[in-house]
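J.: Provided herewith: work24.cif, mmCIF, C-alpha atoms.
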data_query
loop_
_atom_site.label_atom_id
_atom_site.label_comp_id
_atom_site.auth_asym_id
_atom_site.auth_seq_id
_atom_site.Cartn_x
_atom_site.Cartn_y
_atom_site.Cartn_z
CA MET A 1 22.77 24.16 21.98
CA SER A 2 19.32 25.48 21.03
CA GLY A 3 16.25 23.30 21.31
CA SER A 4 15.57 23.46 17.54
CA HIS A 5 19.15 22.47 16.72
CA ALA A 6 18.95 19.54 19.11
CA ARG A 7 15.74 18.35 17.47
CA GLU A 8 17.30 18.58 14.04
CA ILE A 9 20.26 16.47 15.13
CA GLU A 10 17.90 13.87 16.58
CA ALA A 11 15.88 13.82 13.36
CA VAL A 12 18.99 13.45 11.23
CA ASN A 13 20.00 10.42 13.26
CA GLY A 14 16.75 8.81 12.16
CA LEU A 15 14.02 6.95 13.99
CA GLY A 16 16.44 5.55 16.55
CA ALA A 17 20.12 4.68 16.78
CA HIS A 18 20.42 2.48 13.71
CA SER A 19 23.85 3.33 12.36
CA ARG A 20 25.40 0.49 14.37
CA THR A 21 22.89 -1.90 12.84
CA HIS A 22 23.90 -0.83 9.36
CA ARG A 23 27.59 -1.13 10.07
CA ALA A 24 27.03 -4.61 11.44
CA ALA A 25 24.96 -5.54 8.37
CA ARG A 26 27.67 -4.24 6.07
CA GLY A 27 30.30 -6.21 7.96
CA THR A 28 28.44 -9.52 7.87
CA GLY A 29 26.94 -9.21 4.42
CA SER A 30 23.64 -7.69 3.31
CA SER A 31 20.80 -8.82 1.10
CA TYR A 32 21.16 -5.49 -0.69
CA PRO A 33 23.71 -4.77 -3.41
CA ALA A 34 26.51 -2.49 -2.28
CA ASP A 35 24.88 0.66 -3.64
CA GLU A 36 21.58 -0.06 -1.87
CA THR A 37 23.25 -0.76 1.47
CA GLU A 38 25.07 2.52 1.07
CA SER A 39 21.79 4.31 0.47
CA ALA A 40 20.38 2.92 3.70
CA ARG A 41 22.63 5.06 5.89
CA PRO A 42 20.77 7.50 8.16
CA PRO A 43 20.40 10.84 6.37
CA ARG A 44 22.38 14.00 6.82
CA SER A 45 20.40 17.20 7.15
CA HIS A 46 20.49 19.47 4.14
CA ALA A 47 17.57 21.79 4.84
CA GLY A 48 18.30 25.16 3.28
CA VAL A 49 21.28 23.85 1.29
CA ASN A 50 21.32 24.21 -2.46
CA GLY A 51 23.29 21.33 -3.83
CA ALA A 52 23.16 17.84 -5.26
CA VAL A 53 22.49 14.63 -3.41
CA GLY A 54 23.09 11.43 -5.39
CA ASP A 55 21.82 12.07 -8.91
CA ARG A 56 19.13 14.56 -7.92
CA SER A 57 19.33 18.35 -7.82
CA LEU A 58 17.79 19.85 -4.70
CA GLY A 59 16.25 23.28 -4.47
CA PRO A 60 16.80 25.80 -1.68
CA ASP A 61 14.17 24.11 0.48
CA GLY A 62 15.76 20.68 0.11
CA ARG A 63 13.10 19.47 -2.33
CA LEU A 64 13.53 18.25 -5.87
CA GLY A 65 14.48 20.84 -8.42
CA GLN A 66 11.89 21.72 -11.06
CA ALA A 67 13.46 19.60 -13.81
CA GLU A 68 13.62 16.53 -11.57
CA ALA A 69 10.09 17.08 -10.28
CA GLU A 70 8.80 17.16 -13.85
CA SER A 71 10.72 14.05 -14.88
CA ALA A 72 9.52 12.22 -11.76
CA VAL A 73 6.02 12.01 -13.20
CA ALA A 74 7.04 11.63 -16.83
CA GLY A 75 6.09 7.97 -16.81
CA GLY A 76 2.65 8.54 -15.28
CA HIS A 77 1.29 8.53 -11.75
CA GLY A 78 3.83 7.16 -9.33
CA ARG A 79 6.24 6.19 -12.08
CA THR A 80 9.57 7.79 -12.78
CA ALA A 81 11.79 7.56 -15.82
CA THR A 82 14.22 5.41 -13.80
CA GLY A 83 11.54 3.26 -12.18
CA ARG A 84 12.07 4.69 -8.70
CA PRO A 85 9.12 5.00 -6.31
CA VAL A 86 7.78 8.52 -5.81
CA VAL A 87 7.48 8.96 -2.04
CA GLY A 88 5.79 11.53 0.18
CA VAL A 89 5.64 11.90 3.96
CA LEU A 90 2.45 12.61 5.90
CA PRO A 91 2.50 14.94 8.93
CA THR A 92 1.16 13.05 11.95
CA GLY A 93 2.23 15.21 14.88
CA ASP A 94 5.70 13.66 15.21
CA PRO A 95 7.95 16.31 13.61
CA ILE A 96 11.23 14.58 14.49
CA SER A 97 10.28 11.33 12.78
CA GLU A 98 8.75 13.22 9.87
CA LEU A 99 11.96 15.18 9.30
CA ALA A 100 14.06 12.01 9.53
CA LEU A 101 11.88 10.23 6.95
CA GLU A 102 11.80 13.24 4.67
CA ASN A 103 15.56 13.77 4.78
CA PHE A 104 16.26 10.11 4.08
CA VAL A 105 13.89 9.94 1.10
CA LYS A 106 15.47 13.07 -0.37
CA GLN A 107 18.95 11.56 -0.14
CA CYS A 108 18.24 7.95 -1.10
CA PRO A 109 19.16 7.43 -4.79
CA HIS A 110 16.55 4.65 -5.07
CA LEU A 111 13.62 6.87 -4.06
CA VAL A 112 12.20 10.15 -5.38
CA TRP A 113 10.85 12.73 -2.93
CA THR A 114 7.70 14.68 -3.69
CA ALA A 115 5.98 17.41 -1.70
CA ASP A 116 2.70 16.63 -3.49
CA ARG A 117 1.46 13.56 -1.62
CA ASN A 118 -1.37 13.06 -4.12
CA ALA A 119 1.25 12.62 -6.84
CA ALA A 120 3.14 9.94 -4.88
CA ASP A 121 2.65 6.22 -5.34
CA VAL A 122 3.84 5.51 -1.76
CA VAL A 123 3.27 7.75 1.27
CA VAL A 124 4.94 7.04 4.62
CA ALA A 125 3.76 8.14 8.04
CA ALA A 126 5.00 7.67 11.61
CA LEU A 127 2.31 6.84 14.16
CA HIS A 128 2.35 5.83 17.79
CA SER A 129 -0.24 3.16 18.70
CA PRO A 130 -2.48 3.82 15.66
CA ASP A 131 -6.22 3.32 16.09
CA THR A 132 -8.94 3.11 13.45
CA PRO A 133 -9.81 6.85 13.35
CA ALA A 134 -6.12 7.76 12.93
CA VAL A 135 -5.67 5.36 10.03
CA THR A 136 -8.90 6.55 8.41
CA ARG A 137 -7.72 10.17 8.59
CA LEU A 138 -4.55 9.23 6.71
CA ARG A 139 -6.60 7.96 3.78
CA LYS A 140 -8.37 11.31 3.53
CA GLN A 141 -5.05 13.12 3.14
CA VAL A 142 -3.87 11.26 0.05
CA GLY A 143 -5.20 10.09 -3.29
CA GLU A 144 -7.08 6.83 -3.68
CA ARG A 145 -4.27 5.23 -5.68
CA VAL A 146 -1.60 5.96 -3.08
CA SER A 147 -0.29 3.11 -0.91
CA LEU A 148 0.53 3.80 2.75
CA VAL A 149 3.58 2.60 4.70
CA LEU A 150 3.32 3.13 8.45
CA VAL A 151 6.16 3.28 10.97
CA VAL A 152 4.57 2.28 14.28
CA GLY A 153 6.12 2.92 17.67
CA GLY A 154 3.55 1.45 20.04
CA GLU A 155 0.68 -1.03 20.13
CA TRP A 156 -1.40 -1.55 17.00
CA ARG A 157 -5.03 -0.79 17.91
CA ALA A 158 -6.63 -0.17 14.51
CA ASN A 159 -9.06 -2.53 12.80
CA LEU A 160 -6.96 -4.31 10.20
CA HIS A 161 -9.82 -4.56 7.72
CA GLN A 162 -10.25 -0.79 7.85
CA ALA A 163 -6.50 -0.26 7.60
CA VAL A 164 -6.30 -2.34 4.41
CA VAL A 165 -9.33 -0.54 2.95
CA SER A 166 -7.61 2.75 3.83
CA GLY A 167 -4.63 1.80 1.71
CA VAL A 168 -2.16 0.50 4.32
CA ARG A 169 0.19 -1.92 2.56
CA ALA A 170 3.03 -2.20 5.06
CA VAL A 171 3.68 -1.68 8.77
CA LEU A 172 7.23 -1.24 10.09
CA PRO A 173 7.70 -1.40 13.89
CA ARG A 174 10.16 1.10 15.33
CA THR A 175 11.75 -1.77 17.23
CA GLY A 176 14.43 -3.10 14.92
CA PHE A 177 13.78 -0.37 12.34
CA THR A 178 16.57 0.12 9.79
CA TRP A 179 16.78 2.42 6.79
CA GLU A 180 17.70 -0.55 4.62
CA ALA A 181 14.48 -2.35 5.58
CA PHE A 182 12.54 0.86 5.05
CA THR A 183 13.90 1.32 1.52
CA GLN A 184 13.25 -2.30 0.64
CA THR A 185 9.68 -2.13 1.97
CA VAL A 186 8.86 1.02 0.01
CA ARG A 187 10.14 -0.57 -3.18
CA GLN A 188 8.18 -3.76 -2.54
CA VAL A 189 4.98 -1.82 -1.88
CA ARG A 190 5.52 0.13 -5.09
CA ALA A 191 5.75 -3.26 -6.86
CA GLY A 192 2.35 -4.25 -5.47
CA HIS A 193 3.44 -6.33 -2.48
CA ALA A 194 2.51 -5.97 1.18
CA ASP A 195 4.53 -6.32 4.37
CA LEU A 196 2.90 -6.81 7.78
CA PRO A 197 4.48 -8.11 11.00
CA PRO A 198 3.57 -11.79 11.65
CA ALA A 199 1.30 -10.91 14.57
CA LEU A 200 -0.74 -8.53 12.40
CA GLN A 201 -0.90 -11.11 9.62
CA GLY A 202 -2.47 -13.58 12.04
CA ARG A 203 -5.00 -11.02 13.25
CA LEU A 204 -5.92 -10.11 9.68
CA VAL A 205 -6.50 -13.78 8.79
CA ASP A 206 -8.70 -14.15 11.89
CA GLN A 207 -10.76 -11.12 10.84
CA VAL A 208 -11.17 -12.41 7.28
CA GLN A 209 -12.34 -15.79 8.55
CA TYR A 210 -14.79 -14.15 10.97
CA THR A 211 -16.20 -11.89 8.24
CA TYR A 212 -16.68 -14.83 5.91
CA ARG A 213 -18.30 -17.04 8.54
CA GLU A 214 -20.48 -14.48 10.31
CA VAL A 215 -21.23 -11.88 7.64
CA LEU A 216 -20.95 -13.32 4.13
CA VAL A 217 -22.17 -16.90 4.48
CA PRO A 218 -25.48 -15.98 6.22
CA ARG A 219 -26.21 -13.62 3.30
CA GLY A 220 -25.24 -16.07 0.57
CA LEU A 221 -22.20 -14.02 -0.47
CA THR A 222 -18.68 -15.07 -1.36
CA PRO A 223 -15.52 -13.12 -0.39
CA GLY A 224 -15.21 -11.87 -3.96
CA GLY A 225 -18.54 -10.04 -3.89
CA LEU A 226 -20.61 -12.60 -5.81
CA THR A 227 -23.59 -14.54 -4.57
CA GLU A 228 -23.36 -18.31 -4.73
CA ARG A 229 -25.90 -18.28 -7.58
CA GLU A 230 -23.87 -15.73 -9.55
CA ALA A 231 -20.70 -17.75 -9.09
CA ARG A 232 -22.47 -20.92 -10.25
CA VAL A 233 -23.91 -19.20 -13.34
CA LEU A 234 -20.51 -17.79 -14.31
CA GLN A 235 -18.91 -21.19 -13.82
CA LEU A 236 -21.42 -22.77 -16.23
CA VAL A 237 -20.92 -19.96 -18.76
CA ALA A 238 -17.16 -20.54 -18.52
CA ASP A 239 -17.78 -24.23 -19.21
CA GLY A 240 -19.50 -23.32 -22.48
CA HIS A 241 -23.14 -23.91 -21.58
CA GLU A 242 -25.94 -21.94 -23.27
CA LEU A 243 -28.15 -19.73 -21.10
CA GLN A 244 -31.22 -21.92 -21.59
CA ASP A 245 -29.24 -24.99 -20.58
CA ILE A 246 -27.92 -23.17 -17.49
CA GLY A 247 -31.48 -22.24 -16.53
CA ASN A 248 -32.60 -25.83 -16.89
CA GLN A 249 -29.75 -27.08 -14.69
CA LEU A 250 -30.35 -24.54 -11.94
CA GLY A 251 -34.14 -24.48 -12.12
CA TYR A 252 -34.46 -20.89 -13.41
CA SER A 253 -35.81 -19.34 -16.57
CA GLU A 254 -33.43 -18.09 -19.25
CA ARG A 255 -34.59 -14.55 -18.46
CA THR A 256 -33.53 -14.99 -14.82
CA ILE A 257 -30.08 -16.19 -15.90
CA LYS A 258 -29.74 -13.11 -18.13
CA ASN A 259 -30.71 -10.88 -15.18
CA VAL A 260 -28.12 -12.60 -12.97
CA LEU A 261 -25.38 -11.95 -15.53
CA TYR A 262 -26.54 -8.37 -16.06
CA GLY A 263 -26.37 -7.75 -12.31
CA VAL A 264 -22.76 -8.96 -12.16
CA ILE A 265 -21.77 -6.90 -15.19
CA LYS A 266 -23.36 -3.72 -13.87
CA ARG A 267 -22.14 -4.06 -10.27
CA HIS A 268 -18.52 -4.70 -11.22
CA ARG A 269 -18.56 -2.33 -14.23
CA LEU A 270 -17.73 -5.01 -16.74
CA ARG A 271 -18.31 -4.90 -20.51
CA ASN A 272 -20.04 -8.17 -21.34
CA ARG A 273 -20.44 -11.82 -20.34
CA SER A 274 -16.96 -12.77 -21.49
CA HIS A 275 -15.51 -9.98 -19.42
CA ALA A 276 -17.56 -11.15 -16.43
CA VAL A 277 -16.21 -14.69 -16.77
CA SER A 278 -12.64 -13.40 -17.12
CA PHE A 279 -13.11 -11.20 -14.03
CA ALA A 280 -14.37 -14.16 -11.99
CA ILE A 281 -11.49 -16.39 -13.07
CA ARG A 282 -8.80 -13.79 -12.43
CA SER A 283 -10.29 -13.05 -9.02
CA GLY A 284 -10.32 -16.74 -8.12
CA LEU A 285 -14.11 -16.72 -7.73
CA ILE A 286 -14.72 -19.66 -10.04
#
Give the structure from the file, written as structure tokens.
T.:
Amino acid sequence: MSGSHAREIEAVNGLGAHSRTHRAARGTGSSYPADETESARPPRSHAGVNGAVGDRSLGPDGRLGQAEAESAVAGGHGRTATGRPVVGVLPTGDPISELALENFVKQCPHLVWTADRNAADVVVAALHSPDTPAVTRLRKQVGERVSLVLVVGGEWRANLHQAVVSGVRAVLPRTGFTWEAFTQTVRQVRAGHADLPPALQGRLVDQVQYTYREVLVPRGLTPGGLTEREARVLQLVADGHELQDIGNQLGYSERTIKNVLYGVIKRHRLRNRSHAVSFAIRSGLI
């Protein structure tokens, strides 16, 4: 058996030996409907095969046919006519895992494969022990609106704040990895949710608390990007007070209150005072 053929077989089997996990899940009952559990089987290789998988027509390179590729973006960025997530795979130096992820996405009837990662709404990548520079590089390879799902094989070493800023919405450890969980996570991320292992959740909360205590509070800032004075002014505007009355309560001139509101509107690219108040309420700042 050639080395390339052996690698393809390993890739087709997925990111580990998970078929037994799926059979056990199917035997004991799954949280997925029958069709979704079926879609979670490890993929079969179809590189270079021109045929149909599920309800999608594949081209000679195993990618979506032209008609499907056009319909995949018919509903706008990251939206398909059937509501399925548009998914891309980032190369990270792990070709076996990349091929396994790519093959599965192409075959899963609940996901839509795209070769244009900037056109995806979810991009997945396999990393071993990701650090901050590695996560930052991923962000530079995809569009700003794309969410990242990482499959991690080793220790997490990246700054979680930076990872979130870089678009990471979910982290799936290789240990216990299943295709069913992968599919579910991608769909949840597409819906705007996030999924981090409990240990990373705790570390992220610790970092948020530290940033608030050591960085924001000494500078008079709130986590939402407002100063305490701005938050107080917006709260009084929301309560129906006139600007002169607000100035009297806080010990400022009416002109100063206007400047405070203008600063909020300009910094957050809002339209007017009402929009500023609505923004603060929706963001939980007042």
J.: For the PyMOL selection byres ((chain A and resi 183) around 9), applied here, can you spell out every residue it catches as a VMD selection string?
T.: chain A and resid 36 39 to 40 105 108 110 to 111 178 to 182 184 to 188
J.: Keeping only C-alpha atoms, take the residues you just selected and write them out as an mmCIF file, in the frame of the given file.
T.:
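Result went into result29.cif, see below:
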data_model
loop_
_atom_site.group_PDB
_atom_site.id
_atom_site.type_symbol
_atom_site.label_atom_id
_atom_site.label_comp_id
_atom_site.auth_asym_id
_atom_site.auth_seq_id
_atom_site.Cartn_x
_atom_site.Cartn_y
_atom_site.Cartn_z
ATOM 1 C CA GLU A 36 21.580 -0.060 -1.870
ATOM 2 C CA SER A 39 21.790 4.310 0.470
ATOM 3 C CA ALA A 40 20.380 2.920 3.700
ATOM 4 C CA VAL A 105 13.890 9.940 1.100
ATOM 5 C CA CYS A 108 18.240 7.950 -1.100
ATOM 6 C CA HIS A 110 16.550 4.650 -5.070
ATOM 7 C CA LEU A 111 13.620 6.870 -4.060
ATOM 8 C CA THR A 178 16.570 0.120 9.790
ATOM 9 C CA TRP A 179 16.780 2.420 6.790
ATOM 10 C CA GLU A 180 17.700 -0.550 4.620
ATOM 11 C CA ALA A 181 14.480 -2.350 5.580
ATOM 12 C CA PHE A 182 12.540 0.860 5.050
ATOM 13 C CA GLN A 184 13.250 -2.300 0.640
ATOM 14 C CA THR A 185 9.680 -2.130 1.970
ATOM 15 C CA VAL A 186 8.860 1.020 0.010
ATOM 16 C CA ARG A 187 10.140 -0.570 -3.180
ATOM 17 C CA GLN A 188 8.180 -3.760 -2.540
#
J.: If you count all atoms listed in the file, which residues fall within 10 Å of Ser274 in chain A, apart from same-chain ones fewer than 3 positions away, as a VMD selection string?
T.: chain A and resid 234 237 to 238 265 270 to 271 277 to 280
J.: With C-alpha atoms kept, could you save the residues just selected as a PDB file, in the coordinates of the input?
T.:
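Result file follows (result.pdb):
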ATOM      1  CA  LEU A 234     -20.510 -17.790 -14.310  1.00  0.00           C
ATOM      2  CA  VAL A 237     -20.920 -19.960 -18.760  1.00  0.00           C
ATOM      3  CA  ALA A 238     -17.160 -20.540 -18.520  1.00  0.00           C
ATOM      4  CA  ILE A 265     -21.770  -6.900 -15.190  1.00  0.00           C
ATOM      5  CA  LEU A 270     -17.730  -5.010 -16.740  1.00  0.00           C
ATOM      6  CA  ARG A 271     -18.310  -4.900 -20.510  1.00  0.00           C
ATOM      7  CA  VAL A 277     -16.210 -14.690 -16.770  1.00  0.00           C
ATOM      8  CA  SER A 278     -12.640 -13.400 -17.120  1.00  0.00           C
ATOM      9  CA  PHE A 279     -13.110 -11.200 -14.030  1.00  0.00           C
ATOM     10  CA  ALA A 280     -14.370 -14.160 -11.990  1.00  0.00           C
TER      11      ALA A 280
END
J.: List as number ranges by chain the protein and nucleic acid residues near Val208 in chain A, meaning an atom at most 12 Å away when all atoms listed in the file are counted, but skip any in the same chain fewer than 2 places from it.
T.: A: 159-162, 164, 201-206, 210-216, 222-224
J.: Would you be able to write out as a PyMOL selection string which residues have an atom within 10 Å of (0.3, 11.3, -1.1) in the file's coordinates, counting only C-alpha atoms?
T.: chain A and resi 78+86-90+114-124+138-148
J.: So that I can see what lies close to Ala170 in chain A, please list as number ranges by chain the residues with an atom at most 8 Å from it, counting all atoms listed in the file and leaving out residues fewer than 3 positions away in the same chain.
T.: A: 148-150, 185, 189, 194-196
J.: Ranking A:Gly83, A:Gly192, A:Pro218, A:Pro91 by minimum distance to Pro109 in chain A and counting only C-alpha atoms, which one comes first?
T.: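 Among A:Gly83, A:Gly192, A:Pro218, A:Pro91, it is A:Gly83 that comes nearest to Pro109 in chain A.
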J.: Just the residues within 12 Å of range 246-255 of chain A, please, counting all atoms listed in the file, with nothing from its chain fewer than 5 positions along; format it as a ChimeraX atom specification.
T.: /A:228-230,232-241,260-262
J.: Got time to write the residues from that selection, C-alpha atoms, as a short mmCIF file (atom, residue, chain, number, x, y, z; two decimals), in the frame of the given file?
T.:
data_model
loop_
_atom_site.label_atom_id
_atom_site.label_comp_id
_atom_site.auth_asym_id
_atom_site.auth_seq_id
_atom_site.Cartn_x
_atom_site.Cartn_y
_atom_site.Cartn_z
CA GLU A 228 -23.36 -18.31 -4.73
CA ARG A 229 -25.90 -18.28 -7.58
CA GLU A 230 -23.87 -15.73 -9.55
CA ARG A 232 -22.47 -20.92 -10.25
CA VAL A 233 -23.91 -19.20 -13.34
CA LEU A 234 -20.51 -17.79 -14.31
CA GLN A 235 -18.91 -21.19 -13.82
CA LEU A 236 -21.42 -22.77 -16.23
CA VAL A 237 -20.92 -19.96 -18.76
CA ALA A 238 -17.16 -20.54 -18.52
CA ASP A 239 -17.78 -24.23 -19.21
CA GLY A 240 -19.50 -23.32 -22.48
CA HIS A 241 -23.14 -23.91 -21.58
CA VAL A 260 -28.12 -12.60 -12.97
CA LEU A 261 -25.38 -11.95 -15.53
CA TYR A 262 -26.54 -8.37 -16.06
#
J.: Please compute the CA of Val135 in chain A-CA of Gly167 in chain A distance, one decimal, in Å.
T.: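 It comes out at 9.1 Å.
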J.: Expressed in Å to a single decimal, how great is the separation between CA of Arg174 in chain A and CA of Val151 in chain A?
T.: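 So the two atoms, CA of Arg174 in chain A and CA of Val151 in chain A, lie 6.3 Å apart.
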J.: Quick check, in Å to one decimal: how far apart do CA of Ser129 in chain A and CA of Trp156 in chain A lie?
T.: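 CA of Trp156 in chain A lies 5.1 Å from CA of Ser129 in chain A.
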J.: Could you check the closest approach to Arg84 in chain A for each of A:Arg169, A:Arg273, A:Arg190, A:His128 and tell me which residue wins, using only C-alpha atoms?
T.: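 Under the stated criterion, the closest residue is A:Arg190.
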J.: First collect every listed atom of range 221-228 of chain A; then fit an axis-aligned box around them, widen it by 8 Å on each side, and give centre and edge lengths in Å to one decimal, as lines of an AutoDock Vina configuration file.
T.:
center_x = -19.4
center_y = -14.2
center_z = -3.1
size_x = 24.4
size_y = 24.3
size_z = 21.4
